[in-house]
Amino acid sequence: MVNLMPGAVPGTLAALCALAMGIAIRRGATCTVAAVNEIIDERKCGRLLALIAASMLVLGGLLIAQSFDVLPSLPASAPVTLATVWGGLTLGLGASVNGACALGTIARIGAGQWCYVATPIGYYAGCHVAARRLAATIPIPVHDSPAPHASASIIVLLAAMVATLAAGALHSRRARATSGMPGDDPREARHAVWSPHAATAAIGITFVLLFVIDGAWTYTDTLSGLAQGHADATASRALLFGALLVGATSAGIARAMRGERSRRPRVTLSQLARCLGGGALMGWASLMIPGGNDSLVLVAMPLLRPYAWVAFAAMCVAIGAVSLSRRVLRSRWHRETRELA
């Protein structure tokens, strides 16, 4: 009979949750940049609403966990300051330069766009540099969250909302292949893409389970902790990042094991530079807020912390401004080209 180590079972369950999150992120092509671009290009807000719904789903799950007294200690919070706004704007700029947010980066790595492996490296570097510059200027006091102290009636209401969202996600139809990540093989994308609401519901549910089992965890927080030399950035948390990546790339791994081949975008120096630079900007911004966009959506926003909602709104504004600027410049360039012709 094999004797399990004391932390082996919770650690395995946490890794399975991270694995499932990686699958959902990849299948839903979950990304804040894609959500904002959908508003600008298609006048639709389905992806953005799906991200907000994920936050509300996590809130409902945490309230249920609190009612059963299984909610672990909550992470520290921060006040709303000018740095919060600047951090959100910088986070949006970094995501635009990178071409994807923190969640979208995992989706793109899962799609075989290997240049995005440089983004976590840039994120780590940005946190490492920013930790020395910003640690003494941005205090991060602890503030209690109002979410776990909601009344029983609110808990029942949110429990009903969680059940409704989960049922809707299970019965939702899959999105069309055109909603996949750029560079996907169309034949593969036809079978790989979930609707945004189904994906974010799966992400929210698995994150709540992970929260209860092993506490609040996001891979950007792990990178930030490692860059700052925090003791809680242990090897077990780094293994969760590995499980997240395995989940995101599981479809590609399965195809490789079957001997199938698919076309992947070529890695270029310019794209590597964009990913490194965008990752560094996002890492720098995460210490100003504090937290990356995955931490905002899955931890701070569900805990109803004002700084998270302000930073996320600023991030969306920055992404929208960059997208609109690119559209105007592209239109002007095409017009000038036609005039010269």
# chains A, B, ... in the order shown; residues from 1 in each chain; ligands from 1
>>> closest_atom_pairs(of="region 215-329 of chain A", to="region 90-114 of chain A", cutoff="8 Å", atoms="only C-alpha atoms", output="JSON lines")
{"residue": "A:Thr220", "atom": "CA", "partner": "A:Ala102", "partner_atom": "CA", "distance": 7.4}
{"residue": "A:Leu245", "atom": "CA", "partner": "A:Ile106", "partner_atom": "CA", "distance": 6.9}
{"residue": "A:Ala248", "atom": "CA", "partner": "A:Gly110", "partner_atom": "CA", "distance": 4.5}
{"residue": "A:Thr249", "atom": "CA", "partner": "A:Gly110", "partner_atom": "CA", "distance": 4.2}
{"residue": "A:Ser250", "atom": "CA", "partner": "A:Gly110", "partner_atom": "CA", "distance": 7.6}
{"residue": "A:Ala251", "atom": "CA", "partner": "A:Gly110", "partner_atom": "CA", "distance": 8.0}
{"residue": "A:Gly252", "atom": "CA", "partner": "A:Gly110", "partner_atom": "CA", "distance": 7.4}
{"residue": "A:Arg264", "atom": "CA", "partner": "A:Gly112", "partner_atom": "CA", "distance": 6.1}
{"residue": "A:Pro265", "atom": "CA", "partner": "A:Gln113", "partner_atom": "CA", "distance": 6.1}
{"residue": "A:Arg266", "atom": "CA", "partner": "A:Gln113", "partner_atom": "CA", "distance": 7.9}
{"residue": "A:Val267", "atom": "CA", "partner": "A:Trp114", "partner_atom": "CA", "distance": 6.8}
{"residue": "A:Arg274", "atom": "CA", "partner": "A:Asn98", "partner_atom": "CA", "distance": 5.4}
{"residue": "A:Cys275", "atom": "CA", "partner": "A:Asn98", "partner_atom": "CA", "distance": 4.7}
{"residue": "A:Leu276", "atom": "CA", "partner": "A:Asn98", "partner_atom": "CA", "distance": 7.6}
{"residue": "A:Gly277", "atom": "CA", "partner": "A:Asn98", "partner_atom": "CA", "distance": 7.2}
{"residue": "A:Gly278", "atom": "CA", "partner": "A:Gly94", "partner_atom": "CA", "distance": 4.2}
{"residue": "A:Gly279", "atom": "CA", "partner": "A:Gly94", "partner_atom": "CA", "distance": 6.4}
{"residue": "A:Ala280", "atom": "CA", "partner": "A:Gly94", "partner_atom": "CA", "distance": 7.4}
{"residue": "A:Leu281", "atom": "CA", "partner": "A:Gly94", "partner_atom": "CA", "distance": 4.8}
{"residue": "A:Met282", "atom": "CA", "partner": "A:Leu91", "partner_atom": "CA", "distance": 4.7}
{"residue": "A:Gly283", "atom": "CA", "partner": "A:Leu91", "partner_atom": "CA", "distance": 8.0}
{"residue": "A:Ala285", "atom": "CA", "partner": "A:Leu91", "partner_atom": "CA", "distance": 5.3}
{"residue": "A:Ser286", "atom": "CA", "partner": "A:Leu91", "partner_atom": "CA", "distance": 7.2}
{"residue": "A:Gly292", "atom": "CA", "partner": "A:Ala102", "partner_atom": "CA", "distance": 7.1}
{"residue": "A:Asn293", "atom": "CA", "partner": "A:Ala102", "partner_atom": "CA", "distance": 6.3}
{"residue": "A:Asp294", "atom": "CA", "partner": "A:Leu103", "partner_atom": "CA", "distance": 6.2}
{"residue": "A:Ala314", "atom": "CA", "partner": "A:Gly92", "partner_atom": "CA", "distance": 7.4}
{"residue": "A:Met315", "atom": "CA", "partner": "A:Gly92", "partner_atom": "CA", "distance": 4.1}
{"residue": "A:Cys316", "atom": "CA", "partner": "A:Gly92", "partner_atom": "CA", "distance": 6.3}
{"residue": "A:Val317", "atom": "CA", "partner": "A:Gly92", "partner_atom": "CA", "distance": 7.5}
{"residue": "A:Ala318", "atom": "CA", "partner": "A:Gly92", "partner_atom": "CA", "distance": 5.0}
{"residue": "A:Ile319", "atom": "CA", "partner": "A:Gly92", "partner_atom": "CA", "distance": 5.0}
{"residue": "A:Val322", "atom": "CA", "partner": "A:Ser96", "partner_atom": "CA", "distance": 6.9}
{"residue": "A:Ser323", "atom": "CA", "partner": "A:Ser96", "partner_atom": "CA", "distance": 7.8}
>>> select_by_dssp(residues="region 75-136 of chain A", states="alpha helix (DSSP H)", output="PDB file with N, CA, C and O atoms, in the first residue's frame")
ATOM      1  N   LEU A  82      -3.984  57.316  -7.420  1.00  0.00           N
ATOM      2  CA  LEU A  82      -3.605  57.657  -8.792  1.00  0.00           C
ATOM      3  C   LEU A  82      -2.763  56.543  -9.408  1.00  0.00           C
ATOM      4  O   LEU A  82      -2.849  56.272 -10.613  1.00  0.00           O
ATOM      5  N   ALA A  83      -1.957  55.880  -8.559  1.00  0.00           N
ATOM      6  CA  ALA A  83      -1.144  54.763  -9.052  1.00  0.00           C
ATOM      7  C   ALA A  83      -2.019  53.636  -9.571  1.00  0.00           C
ATOM      8  O   ALA A  83      -1.631  52.920 -10.505  1.00  0.00           O
ATOM      9  N   THR A  84      -3.193  53.459  -8.980  1.00  0.00           N
ATOM     10  CA  THR A  84      -4.114  52.424  -9.444  1.00  0.00           C
ATOM     11  C   THR A  84      -4.534  52.694 -10.886  1.00  0.00           C
ATOM     12  O   THR A  84      -4.562  51.787 -11.729  1.00  0.00           O
ATOM     13  N   VAL A  85      -4.870  53.953 -11.168  1.00  0.00           N
ATOM     14  CA  VAL A  85      -5.299  54.322 -12.520  1.00  0.00           C
ATOM     15  C   VAL A  85      -4.146  54.176 -13.508  1.00  0.00           C
ATOM     16  O   VAL A  85      -4.300  53.597 -14.594  1.00  0.00           O
ATOM     17  N   TRP A  86      -2.974  54.716 -13.127  1.00  0.00           N
ATOM     18  CA  TRP A  86      -1.810  54.612 -14.007  1.00  0.00           C
ATOM     19  C   TRP A  86      -1.428  53.151 -14.222  1.00  0.00           C
ATOM     20  O   TRP A  86      -1.029  52.752 -15.325  1.00  0.00           O
ATOM     21  N   GLY A  87      -1.533  52.355 -13.159  1.00  0.00           N
ATOM     22  CA  GLY A  87      -1.236  50.936 -13.299  1.00  0.00           C
ATOM     23  C   GLY A  87      -2.192  50.254 -14.261  1.00  0.00           C
ATOM     24  O   GLY A  87      -1.775  49.434 -15.090  1.00  0.00           O
ATOM     25  N   GLY A  88      -3.488  50.576 -14.178  1.00  0.00           N
ATOM     26  CA  GLY A  88      -4.454  49.991 -15.095  1.00  0.00           C
ATOM     27  C   GLY A  88      -4.200  50.398 -16.539  1.00  0.00           C
ATOM     28  O   GLY A  88      -4.284  49.569 -17.454  1.00  0.00           O
ATOM     29  N   LEU A  89      -3.879  51.671 -16.746  1.00  0.00           N
ATOM     30  CA  LEU A  89      -3.572  52.136 -18.097  1.00  0.00           C
ATOM     31  C   LEU A  89      -2.317  51.461 -18.650  1.00  0.00           C
ATOM     32  O   LEU A  89      -2.268  51.059 -19.818  1.00  0.00           O
ATOM     33  N   THR A  90      -1.283  51.340 -17.801  1.00  0.00           N
ATOM     34  CA  THR A  90      -0.049  50.675 -18.221  1.00  0.00           C
ATOM     35  C   THR A  90      -0.293  49.203 -18.497  1.00  0.00           C
ATOM     36  O   THR A  90       0.270  48.626 -19.434  1.00  0.00           O
ATOM     37  N   LEU A  91      -1.142  48.573 -17.693  1.00  0.00           N
ATOM     38  CA  LEU A  91      -1.482  47.169 -17.912  1.00  0.00           C
ATOM     39  C   LEU A  91      -2.161  46.992 -19.269  1.00  0.00           C
ATOM     40  O   LEU A  91      -1.862  46.047 -20.010  1.00  0.00           O
ATOM     41  N   GLY A  92      -3.082  47.913 -19.600  1.00  0.00           N
ATOM     42  CA  GLY A  92      -3.740  47.849 -20.896  1.00  0.00           C
ATOM     43  C   GLY A  92      -2.780  48.094 -22.041  1.00  0.00           C
ATOM     44  O   GLY A  92      -2.860  47.435 -23.084  1.00  0.00           O
ATOM     45  N   LEU A  93      -1.853  49.048 -21.851  1.00  0.00           N
ATOM     46  CA  LEU A  93      -0.848  49.311 -22.886  1.00  0.00           C
ATOM     47  C   LEU A  93       0.030  48.089 -23.095  1.00  0.00           C
ATOM     48  O   LEU A  93       0.315  47.699 -24.237  1.00  0.00           O
ATOM     49  N   GLY A  94       0.465  47.478 -21.995  1.00  0.00           N
ATOM     50  CA  GLY A  94       1.298  46.282 -22.116  1.00  0.00           C
ATOM     51  C   GLY A  94       0.569  45.143 -22.805  1.00  0.00           C
ATOM     52  O   GLY A  94       1.142  44.440 -23.642  1.00  0.00           O
ATOM     53  N   ALA A  95      -0.707  44.955 -22.473  1.00  0.00           N
ATOM     54  CA  ALA A  95      -1.493  43.904 -23.117  1.00  0.00           C
ATOM     55  C   ALA A  95      -1.652  44.180 -24.613  1.00  0.00           C
ATOM     56  O   ALA A  95      -1.621  43.253 -25.429  1.00  0.00           O
ATOM     57  N   SER A  96      -1.815  45.453 -24.979  1.00  0.00           N
ATOM     58  CA  SER A  96      -1.950  45.808 -26.393  1.00  0.00           C
ATOM     59  C   SER A  96      -0.654  45.562 -27.146  1.00  0.00           C
ATOM     60  O   SER A  96      -0.663  45.053 -28.274  1.00  0.00           O
ATOM     61  N   VAL A  97       0.466  45.923 -26.535  1.00  0.00           N
ATOM     62  CA  VAL A  97       1.769  45.673 -27.161  1.00  0.00           C
ATOM     63  C   VAL A  97       1.999  44.171 -27.319  1.00  0.00           C
ATOM     64  O   VAL A  97       2.456  43.698 -28.370  1.00  0.00           O
ATOM     65  N   ASN A  98       1.649  43.435 -26.283  1.00  0.00           N
ATOM     66  CA  ASN A  98       1.824  41.986 -26.302  1.00  0.00           C
ATOM     67  C   ASN A  98       0.872  41.313 -27.287  1.00  0.00           C
ATOM     68  O   ASN A  98       1.189  40.274 -27.871  1.00  0.00           O
ATOM     69  N   ALA A 102      -2.955  38.610 -19.715  1.00  0.00           N
ATOM     70  CA  ALA A 102      -2.344  37.464 -19.030  1.00  0.00           C
ATOM     71  C   ALA A 102      -3.076  36.166 -19.362  1.00  0.00           C
ATOM     72  O   ALA A 102      -2.447  35.135 -19.630  1.00  0.00           O
ATOM     73  N   LEU A 103      -4.408  36.194 -19.345  1.00  0.00           N
ATOM     74  CA  LEU A 103      -5.177  35.006 -19.691  1.00  0.00           C
ATOM     75  C   LEU A 103      -5.041  34.680 -21.173  1.00  0.00           C
ATOM     76  O   LEU A 103      -4.893  33.517 -21.558  1.00  0.00           O
ATOM     77  N   GLY A 104      -5.092  35.707 -22.009  1.00  0.00           N
ATOM     78  CA  GLY A 104      -4.952  35.504 -23.444  1.00  0.00           C
ATOM     79  C   GLY A 104      -3.597  34.942 -23.826  1.00  0.00           C
ATOM     80  O   GLY A 104      -3.466  34.204 -24.811  1.00  0.00           O
ATOM     81  N   THR A 105      -2.567  35.284 -23.058  1.00  0.00           N
ATOM     82  CA  THR A 105      -1.231  34.741 -23.310  1.00  0.00           C
ATOM     83  C   THR A 105      -1.233  33.224 -23.160  1.00  0.00           C
ATOM     84  O   THR A 105      -0.640  32.505 -23.981  1.00  0.00           O
ATOM     85  N   ILE A 106      -1.887  32.718 -22.121  1.00  0.00           N
ATOM     86  CA  ILE A 106      -1.981  31.273 -21.930  1.00  0.00           C
ATOM     87  C   ILE A 106      -2.735  30.635 -23.097  1.00  0.00           C
ATOM     88  O   ILE A 106      -2.357  29.568 -23.596  1.00  0.00           O
ATOM     89  N   ALA A 107      -3.815  31.292 -23.553  1.00  0.00           N
ATOM     90  CA  ALA A 107      -4.587  30.768 -24.684  1.00  0.00           C
ATOM     91  C   ALA A 107      -3.732  30.705 -25.943  1.00  0.00           C
ATOM     92  O   ALA A 107      -3.810  29.734 -26.714  1.00  0.00           O
ATOM     93  N   ARG A 108      -2.905  31.703 -26.162  1.00  0.00           N
ATOM     94  CA  ARG A 108      -2.072  31.731 -27.374  1.00  0.00           C
ATOM     95  C   ARG A 108      -0.945  30.708 -27.295  1.00  0.00           C
ATOM     96  O   ARG A 108      -0.575  30.108 -28.304  1.00  0.00           O
ATOM     97  N   ILE A 109      -0.372  30.530 -26.107  1.00  0.00           N
ATOM     98  CA  ILE A 109       0.625  29.470 -25.954  1.00  0.00           C
ATOM     99  C   ILE A 109      -0.024  28.117 -26.235  1.00  0.00           C
ATOM    100  O   ILE A 109       0.549  27.259 -26.901  1.00  0.00           O
ATOM    101  N   GLY A 110      -1.235  27.942 -25.723  1.00  0.00           N
ATOM    102  CA  GLY A 110      -1.959  26.705 -25.976  1.00  0.00           C
ATOM    103  C   GLY A 110      -2.271  26.495 -27.449  1.00  0.00           C
ATOM    104  O   GLY A 110      -2.383  25.361 -27.911  1.00  0.00           O
ATOM    105  N   ALA A 118       7.646  34.132 -24.372  1.00  0.00           N
ATOM    106  CA  ALA A 118       8.469  35.259 -23.918  1.00  0.00           C
ATOM    107  C   ALA A 118       7.699  36.203 -23.000  1.00  0.00           C
ATOM    108  O   ALA A 118       8.315  36.959 -22.243  1.00  0.00           O
ATOM    109  N   THR A 119       6.370  36.175 -23.040  1.00  0.00           N
ATOM    110  CA  THR A 119       5.581  37.102 -22.224  1.00  0.00           C
ATOM    111  C   THR A 119       5.764  36.868 -20.723  1.00  0.00           C
ATOM    112  O   THR A 119       6.008  37.824 -19.979  1.00  0.00           O
ATOM    113  N   PRO A 120       5.646  35.624 -20.209  1.00  0.00           N
ATOM    114  CA  PRO A 120       5.908  35.427 -18.777  1.00  0.00           C
ATOM    115  C   PRO A 120       7.327  35.809 -18.375  1.00  0.00           C
ATOM    116  O   PRO A 120       7.555  36.281 -17.247  1.00  0.00           O
ATOM    117  N   ILE A 121       8.290  35.611 -19.288  1.00  0.00           N
ATOM    118  CA  ILE A 121       9.670  36.010 -18.989  1.00  0.00           C
ATOM    119  C   ILE A 121       9.749  37.523 -18.839  1.00  0.00           C
ATOM    120  O   ILE A 121      10.367  38.046 -17.906  1.00  0.00           O
ATOM    121  N   GLY A 122       9.110  38.246 -19.770  1.00  0.00           N
ATOM    122  CA  GLY A 122       9.069  39.701 -19.667  1.00  0.00           C
ATOM    123  C   GLY A 122       8.327  40.156 -18.437  1.00  0.00           C
ATOM    124  O   GLY A 122       8.710  41.129 -17.778  1.00  0.00           O
ATOM    125  N   TYR A 123       7.248  39.449 -18.095  1.00  0.00           N
ATOM    126  CA  TYR A 123       6.463  39.797 -16.895  1.00  0.00           C
ATOM    127  C   TYR A 123       7.323  39.679 -15.649  1.00  0.00           C
ATOM    128  O   TYR A 123       7.318  40.563 -14.787  1.00  0.00           O
ATOM    129  N   TYR A 124       8.065  38.590 -15.552  1.00  0.00           N
ATOM    130  CA  TYR A 124       8.972  38.392 -14.412  1.00  0.00           C
ATOM    131  C   TYR A 124      10.003  39.513 -14.344  1.00  0.00           C
ATOM    132  O   TYR A 124      10.263  40.070 -13.273  1.00  0.00           O
ATOM    133  N   ALA A 125      10.587  39.845 -15.497  1.00  0.00           N
ATOM    134  CA  ALA A 125      11.596  40.900 -15.527  1.00  0.00           C
ATOM    135  C   ALA A 125      11.007  42.245 -15.119  1.00  0.00           C
ATOM    136  O   ALA A 125      11.622  43.013 -14.375  1.00  0.00           O
ATOM    137  N   GLY A 126       9.788  42.535 -15.620  1.00  0.00           N
ATOM    138  CA  GLY A 126       9.144  43.793 -15.251  1.00  0.00           C
ATOM    139  C   GLY A 126       8.869  43.883 -13.761  1.00  0.00           C
ATOM    140  O   GLY A 126       9.064  44.934 -13.142  1.00  0.00           O
ATOM    141  N   CYS A 127       8.416  42.781 -13.168  1.00  0.00           N
ATOM    142  CA  CYS A 127       8.176  42.760 -11.713  1.00  0.00           C
ATOM    143  C   CYS A 127       9.476  42.933 -10.947  1.00  0.00           C
ATOM    144  O   CYS A 127       9.525  43.630  -9.930  1.00  0.00           O
ATOM    145  N   HIS A 128      10.535  42.285 -11.432  1.00  0.00           N
ATOM    146  CA  HIS A 128      11.819  42.348 -10.740  1.00  0.00           C
ATOM    147  C   HIS A 128      12.368  43.772 -10.720  1.00  0.00           C
ATOM    148  O   HIS A 128      12.867  44.245  -9.695  1.00  0.00           O
ATOM    149  N   VAL A 129      12.265  44.450 -11.854  1.00  0.00           N
ATOM    150  CA  VAL A 129      12.754  45.832 -11.930  1.00  0.00           C
ATOM    151  C   VAL A 129      11.848  46.770 -11.133  1.00  0.00           C
ATOM    152  O   VAL A 129      12.313  47.629 -10.376  1.00  0.00           O
ATOM    153  N   ALA A 130      10.532  46.599 -11.290  1.00  0.00           N
ATOM    154  CA  ALA A 130       9.589  47.494 -10.625  1.00  0.00           C
ATOM    155  C   ALA A 130       9.618  47.330  -9.115  1.00  0.00           C
ATOM    156  O   ALA A 130       9.345  48.286  -8.378  1.00  0.00           O
ATOM    157  N   ALA A 131       9.940  46.128  -8.638  1.00  0.00           N
ATOM    158  CA  ALA A 131       9.949  45.894  -7.187  1.00  0.00           C
ATOM    159  C   ALA A 131      10.936  46.819  -6.490  1.00  0.00           C
ATOM    160  O   ALA A 131      10.686  47.294  -5.380  1.00  0.00           O
ATOM    161  N   ARG A 132      12.043  47.093  -7.132  1.00  0.00           N
ATOM    162  CA  ARG A 132      13.056  47.971  -6.538  1.00  0.00           C
ATOM    163  C   ARG A 132      12.648  49.439  -6.625  1.00  0.00           C
ATOM    164  O   ARG A 132      12.968  50.235  -5.744  1.00  0.00           O
ATOM    165  N   ARG A 133      11.940  49.794  -7.686  1.00  0.00           N
ATOM    166  CA  ARG A 133      11.578  51.198  -7.894  1.00  0.00           C
ATOM    167  C   ARG A 133      10.321  51.597  -7.128  1.00  0.00           C
ATOM    168  O   ARG A 133      10.200  52.739  -6.683  1.00  0.00           O
ATOM    169  N   LEU A 134       9.367  50.666  -7.009  1.00  0.00           N
ATOM    170  CA  LEU A 134       8.042  51.030  -6.513  1.00  0.00           C
ATOM    171  C   LEU A 134       7.747  50.560  -5.090  1.00  0.00           C
ATOM    172  O   LEU A 134       6.796  51.048  -4.487  1.00  0.00           O
TER     173      LEU A 134
END
>>> closest_residue(among="A:Val193, A:Ala254, A:Met56, A:Val328", to="Met301 (chain A)", atoms="only C-alpha atoms")
A:Met56
>>> atom_distance(atom1="CA of Val212 (chain A)", atom2="CA of Leu13 (chain A)")
10.6 Å
>>> closest_residue(among="A:Leu272, A:Ala202, A:Leu329, A:Leu287", to="Cys17 (chain A)", atoms="only C-alpha atoms")
A:Ala202
>>> atom_distance(atom1="CA of Thr32 (chain A)", atom2="CA of Gly11 (chain A)")
29.3 Å
>>> residues_around(residues="Ile203 (chain A)", least_positions_apart="5", cutoff="9 Å", atoms="only C-alpha atoms", output="MDAnalysis selection string")
chainID A and resid 20:25 54 198 208 298
